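Printed here is work-v7.cif (mmCIF, C-alpha atoms):
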```
data_input
loop_
_atom_site.label_atom_id
_atom_site.label_comp_id
_atom_site.auth_asym_id
_atom_site.auth_seq_id
_atom_site.Cartn_x
_atom_site.Cartn_y
_atom_site.Cartn_z
CA MET A 42 -0.08 -45.65 -17.48
CA SER A 43 2.72 -47.73 -15.98
CA THR A 44 2.98 -48.24 -12.24
CA ALA A 45 6.11 -46.08 -12.08
CA ILE A 46 4.24 -43.19 -13.69
CA GLN A 47 1.03 -43.77 -11.76
CA ASP A 48 3.06 -43.59 -8.54
CA LEU A 49 3.88 -39.97 -9.35
CA LYS A 50 0.24 -38.90 -9.73
CA GLU A 51 -0.50 -36.05 -7.30
CA GLY A 52 3.04 -36.59 -6.12
CA VAL A 53 5.69 -34.34 -4.66
CA VAL A 54 9.15 -34.55 -6.17
CA LEU A 55 12.21 -33.27 -4.33
CA ALA A 56 14.01 -31.51 -7.17
CA GLU A 57 17.67 -32.15 -7.89
CA LEU A 58 19.93 -29.46 -6.46
CA GLY A 59 23.65 -29.62 -7.28
CA GLY A 60 25.68 -29.05 -4.15
CA TYR A 61 23.05 -30.58 -1.88
CA GLY A 62 21.20 -33.43 -3.56
CA ASN A 63 23.17 -36.47 -2.40
CA GLY A 64 21.67 -39.56 -0.78
CA PRO A 65 21.44 -38.35 2.84
CA TYR A 66 19.97 -35.03 1.70
CA CYS A 67 17.31 -36.85 -0.33
CA ALA A 68 16.46 -39.09 2.63
CA ALA A 69 16.05 -36.12 4.97
CA HIS A 70 14.36 -33.60 2.68
CA GLY A 71 12.46 -35.98 0.40
CA ALA A 72 11.24 -38.45 3.03
CA ASN A 73 7.81 -39.86 2.18
CA ALA A 74 7.60 -37.88 -1.07
CA ALA A 75 6.75 -39.61 -4.32
CA LEU A 76 10.31 -39.16 -5.62
CA ALA A 77 13.58 -37.57 -4.56
CA MET A 78 16.13 -36.64 -7.21
CA MET A 79 19.86 -37.02 -6.61
CA GLY A 80 22.18 -34.67 -8.44
CA THR A 81 22.39 -33.10 -10.86
CA TYR A 82 25.79 -34.75 -11.36
CA ILE A 83 28.26 -33.69 -14.03
CA VAL A 84 30.52 -36.23 -15.71
CA ASP A 85 33.38 -34.55 -17.55
CA SER A 86 37.03 -35.08 -18.37
CA GLY A 87 37.97 -31.50 -17.46
CA ASP A 88 39.80 -30.48 -14.30
CA ASP A 89 38.07 -27.16 -13.62
CA VAL A 90 34.33 -27.73 -13.86
CA PRO A 91 32.73 -24.79 -12.00
CA TYR A 92 30.41 -26.89 -9.88
CA PRO A 93 30.38 -28.40 -6.35
CA LYS A 94 33.11 -31.02 -6.25
CA GLU A 95 31.05 -33.90 -4.81
CA PHE A 96 28.80 -33.64 -7.83
CA VAL A 97 31.51 -33.80 -10.48
CA PHE A 98 33.00 -37.09 -11.71
CA LYS A 99 35.58 -37.97 -14.28
CA PRO A 100 34.19 -40.56 -16.73
CA ASP A 101 35.35 -43.48 -14.58
CA ARG A 102 32.72 -46.04 -13.67
CA SER A 103 34.95 -47.57 -10.98
CA VAL A 104 34.74 -44.27 -9.07
CA TYR A 105 31.10 -43.29 -9.41
CA ALA A 106 29.58 -46.78 -9.25
CA PRO A 107 30.31 -47.27 -5.51
CA TYR A 108 29.28 -43.67 -4.82
CA LEU A 109 25.92 -44.25 -6.51
CA ARG A 110 25.32 -47.51 -4.67
CA GLU A 111 26.02 -45.85 -1.32
CA HIS A 112 23.97 -42.73 -1.93
CA ILE A 113 20.99 -44.37 -3.61
CA ALA A 114 20.76 -46.75 -0.64
CA ALA A 115 20.95 -43.78 1.72
CA GLY A 116 18.22 -41.99 -0.22
CA HIS A 117 15.93 -45.01 -0.07
CA SER A 118 16.12 -44.91 3.73
CA GLY A 119 13.78 -41.91 3.54
CA ASP A 120 10.98 -44.18 2.27
CA THR A 121 10.96 -42.55 -1.15
CA ARG A 122 11.87 -43.58 -4.64
CA ILE A 123 15.17 -42.23 -5.90
CA GLY A 124 16.02 -40.72 -9.26
CA VAL A 125 19.48 -39.75 -10.49
CA SER A 126 20.08 -36.74 -12.72
CA VAL A 127 23.13 -36.12 -14.90
CA ALA A 128 24.53 -33.59 -17.36
CA THR A 129 27.48 -34.24 -19.67
CA VAL A 130 28.93 -32.93 -22.91
CA GLN A 131 29.40 -36.43 -24.32
CA LEU A 132 26.43 -38.70 -24.87
CA SER A 133 28.49 -41.81 -24.07
CA HIS A 134 29.21 -40.44 -20.58
CA THR A 135 25.51 -39.85 -19.95
CA LEU A 136 24.59 -43.35 -21.08
CA GLU A 137 27.21 -45.04 -18.91
CA PHE A 138 26.40 -42.96 -15.84
CA LEU A 139 22.64 -43.52 -16.06
CA ALA A 140 23.02 -47.24 -16.76
CA THR A 141 25.28 -47.45 -13.71
CA ALA A 142 22.71 -45.56 -11.65
CA GLU A 143 20.06 -48.09 -12.64
CA GLU A 144 22.35 -50.97 -11.69
CA ALA A 145 22.98 -49.23 -8.35
CA GLY A 146 19.26 -49.21 -7.56
CA ALA A 147 17.88 -45.95 -8.99
CA ASP A 148 14.13 -46.06 -9.65
CA TYR A 149 14.25 -43.28 -12.28
CA VAL A 150 17.01 -41.59 -14.28
CA SER A 151 17.06 -38.07 -15.66
CA LEU A 152 18.93 -35.89 -18.12
CA CYS A 153 19.22 -32.24 -17.13
CA ALA A 154 18.46 -30.32 -20.34
CA HIS A 155 18.00 -27.20 -18.23
CA SER A 156 21.50 -26.03 -17.38
CA SER A 157 22.67 -22.61 -18.56
CA MET A 158 26.35 -23.40 -17.86
CA GLU A 159 28.59 -22.29 -20.72
CA MET A 160 30.24 -25.72 -20.99
CA PHE A 161 26.90 -27.10 -22.16
CA ILE A 162 25.51 -24.16 -24.10
CA LYS A 163 28.54 -23.93 -26.39
CA GLU A 164 27.96 -27.58 -27.35
CA ARG A 165 24.24 -26.90 -28.02
CA LEU A 166 23.37 -28.89 -24.90
CA GLY A 167 21.79 -27.92 -21.57
CA GLU A 168 18.89 -25.54 -22.14
CA ALA A 169 20.17 -24.94 -25.70
CA MET A 170 19.25 -28.55 -26.51
CA CYS A 171 15.57 -27.56 -26.39
CA ARG A 172 15.83 -24.84 -29.05
CA ARG A 173 14.26 -25.63 -32.40
CA GLU A 174 17.58 -25.48 -34.26
CA ASN A 175 18.92 -28.26 -32.01
CA ALA A 176 15.96 -30.61 -32.35
CA ALA A 177 18.08 -33.34 -33.95
CA ILE A 178 20.44 -33.36 -30.96
CA LEU A 179 17.54 -33.57 -28.50
CA LYS A 180 16.04 -36.49 -30.39
CA GLU A 181 19.38 -38.31 -30.65
CA TRP A 182 20.04 -38.05 -26.91
CA ALA A 183 16.49 -39.00 -25.94
CA VAL A 184 16.45 -42.14 -28.10
CA ALA A 185 19.86 -43.22 -26.87
CA ILE A 186 18.97 -42.78 -23.19
CA ILE A 187 15.69 -44.68 -23.51
CA ASN A 188 17.55 -47.55 -25.13
CA ALA A 189 20.28 -47.57 -22.46
CA VAL A 190 18.06 -48.14 -19.40
CA THR A 191 14.89 -49.96 -18.40
CA VAL A 192 13.74 -47.63 -15.59
CA PRO A 193 11.56 -44.61 -16.46
CA VAL A 194 13.41 -41.71 -18.07
CA ILE A 195 12.85 -38.08 -17.09
CA PHE A 196 13.95 -35.07 -19.11
CA LYS A 197 14.23 -31.86 -17.12
CA ILE A 198 13.79 -28.75 -19.22
CA GLY A 199 13.10 -25.08 -18.59
CA LEU A 200 10.56 -22.65 -19.96
CA THR A 201 12.49 -20.31 -22.23
CA ASP A 202 10.73 -19.71 -25.54
CA PRO A 203 7.21 -21.24 -25.24
CA VAL A 204 7.14 -22.40 -28.87
CA ASP A 205 10.56 -24.04 -28.53
CA THR A 206 9.48 -25.68 -25.28
CA VAL A 207 6.33 -27.16 -26.81
CA ASP A 208 8.33 -28.41 -29.78
CA ALA A 209 10.83 -30.03 -27.40
CA ILE A 210 8.03 -31.72 -25.48
CA ASN A 211 6.57 -33.07 -28.72
CA ILE A 212 9.96 -34.47 -29.75
CA LEU A 213 10.49 -36.14 -26.38
CA THR A 214 7.05 -37.69 -26.21
CA GLY A 215 7.31 -38.72 -29.85
CA VAL A 216 10.33 -40.93 -29.13
CA GLY A 217 8.85 -42.35 -25.94
CA VAL A 218 10.13 -40.24 -23.05
CA PRO A 219 7.41 -40.84 -20.43
CA ILE A 220 8.13 -38.09 -17.90
CA ILE A 221 8.99 -34.44 -18.47
CA HIS A 222 9.97 -32.09 -15.65
CA ILE A 223 9.60 -28.41 -16.51
CA ASN A 224 10.81 -25.54 -14.37
CA VAL A 225 8.39 -22.75 -15.33
CA ASP A 226 10.02 -20.27 -12.91
CA GLN A 227 6.80 -19.04 -11.28
CA THR A 228 3.46 -20.71 -10.62
CA HIS A 229 1.51 -18.04 -8.73
CA GLN A 230 -1.97 -17.11 -9.93
CA GLY A 231 -1.76 -15.15 -13.18
CA SER A 232 1.89 -16.03 -13.81
CA ASN A 233 3.24 -16.80 -17.26
CA GLY A 234 4.35 -20.20 -15.99
CA LEU A 235 0.88 -21.18 -14.87
CA HIS A 236 -0.63 -19.89 -18.12
CA PHE A 237 1.85 -21.95 -20.10
CA LEU A 238 1.11 -25.05 -18.05
CA GLU A 239 -2.55 -24.84 -19.00
CA GLN A 240 -1.53 -25.28 -22.64
CA LEU A 241 0.19 -28.62 -22.01
CA THR A 242 -2.76 -30.86 -21.17
CA GLY A 243 -2.29 -34.31 -22.64
CA ARG A 244 1.09 -33.67 -24.27
CA CYS A 245 3.00 -36.25 -22.19
CA GLN A 246 2.30 -39.23 -19.97
CA CYS A 247 3.53 -37.52 -16.81
CA LEU A 248 4.26 -33.83 -16.35
CA ILE A 249 6.20 -32.62 -13.31
CA ILE A 250 6.08 -28.87 -12.77
CA GLY A 251 8.33 -26.79 -10.53
CA GLY A 252 8.72 -23.07 -9.97
CA GLY A 253 8.24 -21.28 -6.68
CA ILE A 254 6.04 -23.92 -5.02
CA GLN A 255 6.21 -23.33 -1.26
CA ASN A 256 3.00 -24.67 0.28
CA ILE A 257 -0.05 -26.83 -0.26
CA ASP A 258 -2.02 -24.06 -1.97
CA ASP A 259 0.75 -23.59 -4.52
CA ALA A 260 0.86 -27.33 -5.14
CA ARG A 261 -2.89 -27.65 -5.61
CA ARG A 262 -2.92 -24.69 -8.00
CA VAL A 263 -0.34 -26.44 -10.20
CA LEU A 264 -2.19 -29.76 -10.11
CA ASP A 265 -5.47 -28.04 -10.90
CA ALA A 266 -3.76 -26.65 -14.02
CA ARG A 267 -3.31 -30.29 -15.09
CA ALA A 268 0.21 -31.12 -13.98
CA ASN A 269 0.62 -34.68 -12.69
CA ALA A 270 3.16 -33.87 -9.97
CA VAL A 271 4.91 -30.90 -8.40
CA ALA A 272 8.63 -30.35 -7.87
CA ILE A 273 9.99 -28.52 -4.85
CA GLY A 274 13.60 -27.40 -4.56
CA THR A 275 14.64 -24.28 -2.67
CA ALA A 276 11.64 -24.30 -0.32
CA ALA A 277 12.50 -27.84 0.78
CA MET A 278 16.00 -26.69 1.69
CA ARG A 279 14.50 -24.29 4.21
CA ASP A 280 12.02 -26.83 5.59
CA PRO A 281 13.10 -30.49 5.44
CA ALA A 282 9.57 -31.65 6.35
CA LEU A 283 7.88 -29.67 3.56
CA CYS A 284 7.77 -32.38 0.88
CA ALA A 285 6.27 -34.92 3.25
CA SER A 286 3.75 -32.43 4.60
CA ILE A 287 2.51 -31.42 1.15
CA GLN A 288 2.48 -35.05 0.00
CA ARG A 289 0.21 -36.07 2.90
CA ALA A 290 -2.11 -33.15 2.22
CA LEU A 291 -2.41 -33.96 -1.48
CA ARG A 292 -3.08 -37.66 -1.07
CA TYR A 293 -4.78 -37.92 2.30
CA GLY A 294 -6.16 -34.44 2.98
CA LYS A 295 -3.83 -33.89 5.95
CA SER A 296 -1.45 -30.98 6.27
CA HIS A 297 0.28 -32.13 9.49
#
```
Take the structure in the file and write it out as structure tokens.
Amino acid sequence: MSTAIQDLKEGVVLAELGGYGNGPYCAAHGANAALAMMGTYIVDSGDDVPYPKEFVFKPDRSVYAPYLREHIAAGHSGDTRIGVSVATVQLSHTLEFLATAEEAGADYVSLCAHSSMEMFIKERLGEAMCRRENAAILKEWAVAIINAVTVPVIFKIGLTDPVDTVDAINILTGVGVPIIHINVDQTHQGSNGLHFLEQLTGRCQCLIIGGGIQNIDDARRVLDARANAVAIGTAAMRDPALCASIQRALRYGKSH
């Protein structure tokens, strides 16, 4: 297992959160976590993307390159590694944006194959990319992204149809995607998400699981079900110190 993947073991990941997840937010809410994700950013030529404006760019490297440099540097001030997440309807826009993010200092890059926005679904992208009938698209994008960057690649997907999700994981790992982030919606004892997680042992090098994790007990439950790391989103918005607190407890046995 590479150092970049090993660094995520028993790690806490501040999940990307469009509208909030810029560099200063990552520094404050993801401080001392294993990883904080910036974004998700949308790169699109349209003028009316229904998404927070700071997180939408036209496909113009001269505009988003300085933004990424500034915000990745700000994120690193929280003593955490920084990943950058993107969603686009054109593969070329994804490749340019993620390559630029790497050049700007990102430690990881991610494609959001989790969005339910109509602009993606109608193109068989977003969460639709992980349906069996769109397997060729998923494979094409995964191979292209891996070849465009040298930092570790993360694919974020959701748990919709369990069979489709397992097939998507197998495609991604088969082409060399090292890290998969799955939002399973709920991870409480007896939940469908936790049951599904228990079926994924050994399917990828590094599995990040998110879905309702709010405290150390939730995190340990997910790790005990054989995830490698936990992702926290909404709960970290309410408590900026949450990621750091859970990270200390997981790695050093301290909750304060």
Interface rows for stretch 52-168 of chain A against stretch 179-199 of chain A: nearest pair, Å to one decimal, 10 Å, all atoms listed in the file, as CSV:
```
residue,atom,partner,partner_atom,distance
A:Ala56,CA,A:Lys197,CA,10.0
A:Glu57,CA,A:Lys197,CA,9.9
A:Gly124,CA,A:Ile195,CA,8.9
A:Val125,CA,A:Ile195,CA,9.5
A:Ser126,CA,A:Ile195,CA,8.6
A:Gln131,CA,A:Trp182,CA,9.8
A:Leu132,CA,A:Trp182,CA,6.7
A:Ser133,CA,A:Ala185,CA,9.2
A:Thr135,CA,A:Ile186,CA,7.9
A:Leu136,CA,A:Ile186,CA,6.0
A:Glu137,CA,A:Ala189,CA,8.2
A:Leu139,CA,A:Val190,CA,7.3
A:Ala140,CA,A:Val190,CA,5.7
A:Thr141,CA,A:Val190,CA,9.2
A:Ala142,CA,A:Val190,CA,9.4
A:Glu143,CA,A:Val192,CA,7.0
A:Glu144,CA,A:Val190,CA,9.3
A:Gly146,CA,A:Val192,CA,9.9
A:Ala147,CA,A:Val192,CA,8.0
A:Asp148,CA,A:Val192,CA,6.2
A:Tyr149,CA,A:Pro193,CA,5.1
A:Val150,CA,A:Val194,CA,5.2
A:Ser151,CA,A:Ile195,CA,4.4
A:Leu152,CA,A:Phe196,CA,5.1
A:Cys153,CA,A:Lys197,CA,5.0
A:Ala154,CA,A:Ile198,CA,5.1
A:His155,CA,A:Ile198,CA,4.6
A:Ser156,CA,A:Ile198,CA,8.4
A:Ser157,CA,A:Gly199,CA,9.9
A:Arg165,CA,A:Leu179,CA,9.5
A:Leu166,CA,A:Leu179,CA,8.3
A:Gly167,CA,A:Ile198,CA,8.4
A:Glu168,CA,A:Ile198,CA,6.7
```
The PyMOL selection byres ((chain A and resi 76) around 12) resolved against shown file, as a ChimeraX atom specification
/A:45-46,48-57,67-68,70-75,77-79,116-117,119-125,147-150,195,249,270-273,284-285,288
The PyMOL selection byres ((chain A and resi 266) around 8) on the file shown: which residues, as a ChimeraX atom specification?
/A:235,238-239,262-265,267-268
Mind telling me what the PyMOL selection byres ((chain A and resi 212) around 12) catches here, as JSON, numbers by chain?
{"A": [170, 171, 172, 173, 175, 176, 177, 178, 179, 180, 181, 182, 183, 184, 196, 205, 206, 207, 208, 209, 210, 211, 213, 214, 215, 216, 217, 218, 219, 221, 244, 245]}
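In this model, the gap between atom CA of A:Gly253 and atom CA of A:Tyr66 comes to 19.9 Å.
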Which distance in Å separates atom CA of A:Ile162 and atom CA of A:Pro100, to one decimal?
20.0 Å
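Here atom CA of A:Phe161 is placed at a distance of 21.6 Å from atom CA of A:Arg102.
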Once you count all atoms listed in the file, what closest atom pair and distance in Å to one decimal does each residue of stretch 220-272 of chain A within 12 Å of stretch 276-279 of chain A have, with rows by chain and rising residue number, as a tab-separated table?
```
residue	atom	partner	partner_atom	distance
A:Gly251	CA	A:Ala276	CA	11.0
A:Gly252	CA	A:Ala276	CA	10.2
A:Gly253	CA	A:Ala276	CA	7.8
A:Ile254	CA	A:Ala276	CA	7.3
A:Gln255	CA	A:Ala276	CA	5.6
A:Asn256	CA	A:Ala276	CA	8.7
A:Ile257	CA	A:Ala276	CA	12.0
A:Asp259	CA	A:Ala276	CA	11.7
A:Ala272	CA	A:Ala277	CA	9.8
```
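Of the residues under consideration (A:Pro93, A:Leu283, A:Ser103, A:Tyr82), A:Tyr82 shows the shortest atom-to-atom contact distance to A:Thr129 when counting only C-alpha atoms.
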Of the candidates A:Met160, A:Ala114, A:Val130, A:Val225, which shows the shortest atom-to-atom distance to A:Phe237, using all atoms listed in the file?
A:Val225
Pull out stretch 236-269 of chain A, keep N, CA and C atoms, and write it as a tab-separated table (two decimals), in the first residue's frame.
```tsv
chain	number	residue	atom	x	y	z
A	236	HIS	N	-24.66	-2.83	6.50
A	236	HIS	CA	-24.72	-4.20	5.98
A	236	HIS	C	-24.00	-4.28	4.63
A	237	PHE	N	-24.22	-3.29	3.79
A	237	PHE	CA	-23.57	-3.28	2.49
A	237	PHE	C	-22.05	-3.17	2.63
A	238	LEU	N	-21.61	-2.33	3.55
A	238	LEU	CA	-20.18	-2.15	3.77
A	238	LEU	C	-19.50	-3.47	4.10
A	239	GLU	N	-20.15	-4.31	4.85
A	239	GLU	CA	-19.56	-5.58	5.26
A	239	GLU	C	-19.35	-6.53	4.09
A	240	GLN	N	-19.95	-6.21	2.95
A	240	GLN	CA	-19.78	-7.03	1.75
A	240	GLN	C	-18.60	-6.58	0.88
A	241	LEU	N	-17.93	-5.50	1.28
A	241	LEU	CA	-16.93	-4.89	0.42
A	241	LEU	C	-15.49	-5.19	0.81
A	242	THR	N	-15.29	-6.02	1.79
A	242	THR	CA	-13.95	-6.31	2.28
A	242	THR	C	-13.03	-6.74	1.15
A	243	GLY	N	-11.91	-6.04	1.01
A	243	GLY	CA	-10.89	-6.43	0.05
A	243	GLY	C	-11.15	-6.04	-1.39
A	244	ARG	N	-12.21	-5.29	-1.66
A	244	ARG	CA	-12.53	-4.97	-3.05
A	244	ARG	C	-11.73	-3.79	-3.60
A	245	CYS	N	-11.14	-2.95	-2.72
A	245	CYS	CA	-10.31	-1.85	-3.21
A	245	CYS	C	-9.20	-1.59	-2.21
A	246	GLN	N	-8.19	-0.85	-2.66
A	246	GLN	CA	-7.04	-0.60	-1.80
A	246	GLN	C	-7.41	0.24	-0.58
A	247	CYS	N	-8.29	1.22	-0.79
A	247	CYS	CA	-8.66	2.11	0.31
A	247	CYS	C	-10.11	2.51	0.15
A	248	LEU	N	-10.92	2.21	1.15
A	248	LEU	CA	-12.35	2.48	1.11
A	248	LEU	C	-12.70	3.52	2.16
A	249	ILE	N	-13.19	4.66	1.70
A	249	ILE	CA	-13.68	5.72	2.58
A	249	ILE	C	-15.19	5.64	2.63
A	250	ILE	N	-15.76	5.61	3.82
A	250	ILE	CA	-17.20	5.49	3.96
A	250	ILE	C	-17.77	6.68	4.73
A	251	GLY	N	-18.82	7.28	4.17
A	251	GLY	CA	-19.54	8.35	4.84
A	251	GLY	C	-21.02	8.04	4.88
A	252	GLY	N	-21.71	8.70	5.81
A	252	GLY	CA	-23.15	8.51	5.93
A	252	GLY	C	-23.61	8.60	7.37
A	253	GLY	N	-23.86	9.80	7.83
A	253	GLY	CA	-24.41	9.98	9.17
A	253	GLY	C	-23.44	9.81	10.31
A	254	ILE	N	-22.14	9.86	10.05
A	254	ILE	CA	-21.15	9.70	11.12
A	254	ILE	C	-21.06	11.00	11.91
A	255	GLN	N	-21.30	10.92	13.22
A	255	GLN	CA	-21.36	12.12	14.05
A	255	GLN	C	-20.47	12.09	15.27
A	256	ASN	N	-19.91	10.92	15.61
A	256	ASN	CA	-19.11	10.82	16.82
A	256	ASN	C	-18.14	9.64	16.71
A	257	ILE	N	-17.34	9.46	17.74
A	257	ILE	CA	-16.31	8.43	17.71
A	257	ILE	C	-16.92	7.03	17.63
A	258	ASP	N	-18.04	6.81	18.29
A	258	ASP	CA	-18.67	5.48	18.22
A	258	ASP	C	-19.11	5.15	16.81
A	259	ASP	N	-19.68	6.13	16.12
A	259	ASP	CA	-20.08	5.93	14.73
A	259	ASP	C	-18.86	5.59	13.87
A	260	ALA	N	-17.78	6.32	14.08
A	260	ALA	CA	-16.57	6.11	13.29
A	260	ALA	C	-16.00	4.72	13.53
A	261	ARG	N	-15.93	4.31	14.78
A	261	ARG	CA	-15.38	2.99	15.08
A	261	ARG	C	-16.25	1.87	14.52
A	262	ARG	N	-17.56	2.07	14.53
A	262	ARG	CA	-18.47	1.07	13.97
A	262	ARG	C	-18.17	0.86	12.48
A	263	VAL	N	-17.94	1.96	11.76
A	263	VAL	CA	-17.66	1.88	10.33
A	263	VAL	C	-16.30	1.22	10.08
A	264	LEU	N	-15.31	1.56	10.86
A	264	LEU	CA	-13.99	0.96	10.70
A	264	LEU	C	-14.01	-0.52	11.07
A	265	ASP	N	-14.78	-0.87	12.07
A	265	ASP	CA	-14.90	-2.28	12.45
A	265	ASP	C	-15.55	-3.10	11.35
A	266	ALA	N	-16.36	-2.44	10.51
A	266	ALA	CA	-16.99	-3.12	9.37
A	266	ALA	C	-16.06	-3.18	8.17
A	267	ARG	N	-14.80	-2.81	8.37
A	267	ARG	CA	-13.71	-2.98	7.41
A	267	ARG	C	-13.55	-1.83	6.43
A	268	ALA	N	-14.09	-0.66	6.74
A	268	ALA	CA	-13.69	0.53	5.98
A	268	ALA	C	-12.27	0.91	6.41
A	269	ASN	N	-11.57	1.64	5.53
A	269	ASN	CA	-10.23	2.12	5.87
A	269	ASN	C	-10.25	3.50	6.50
```
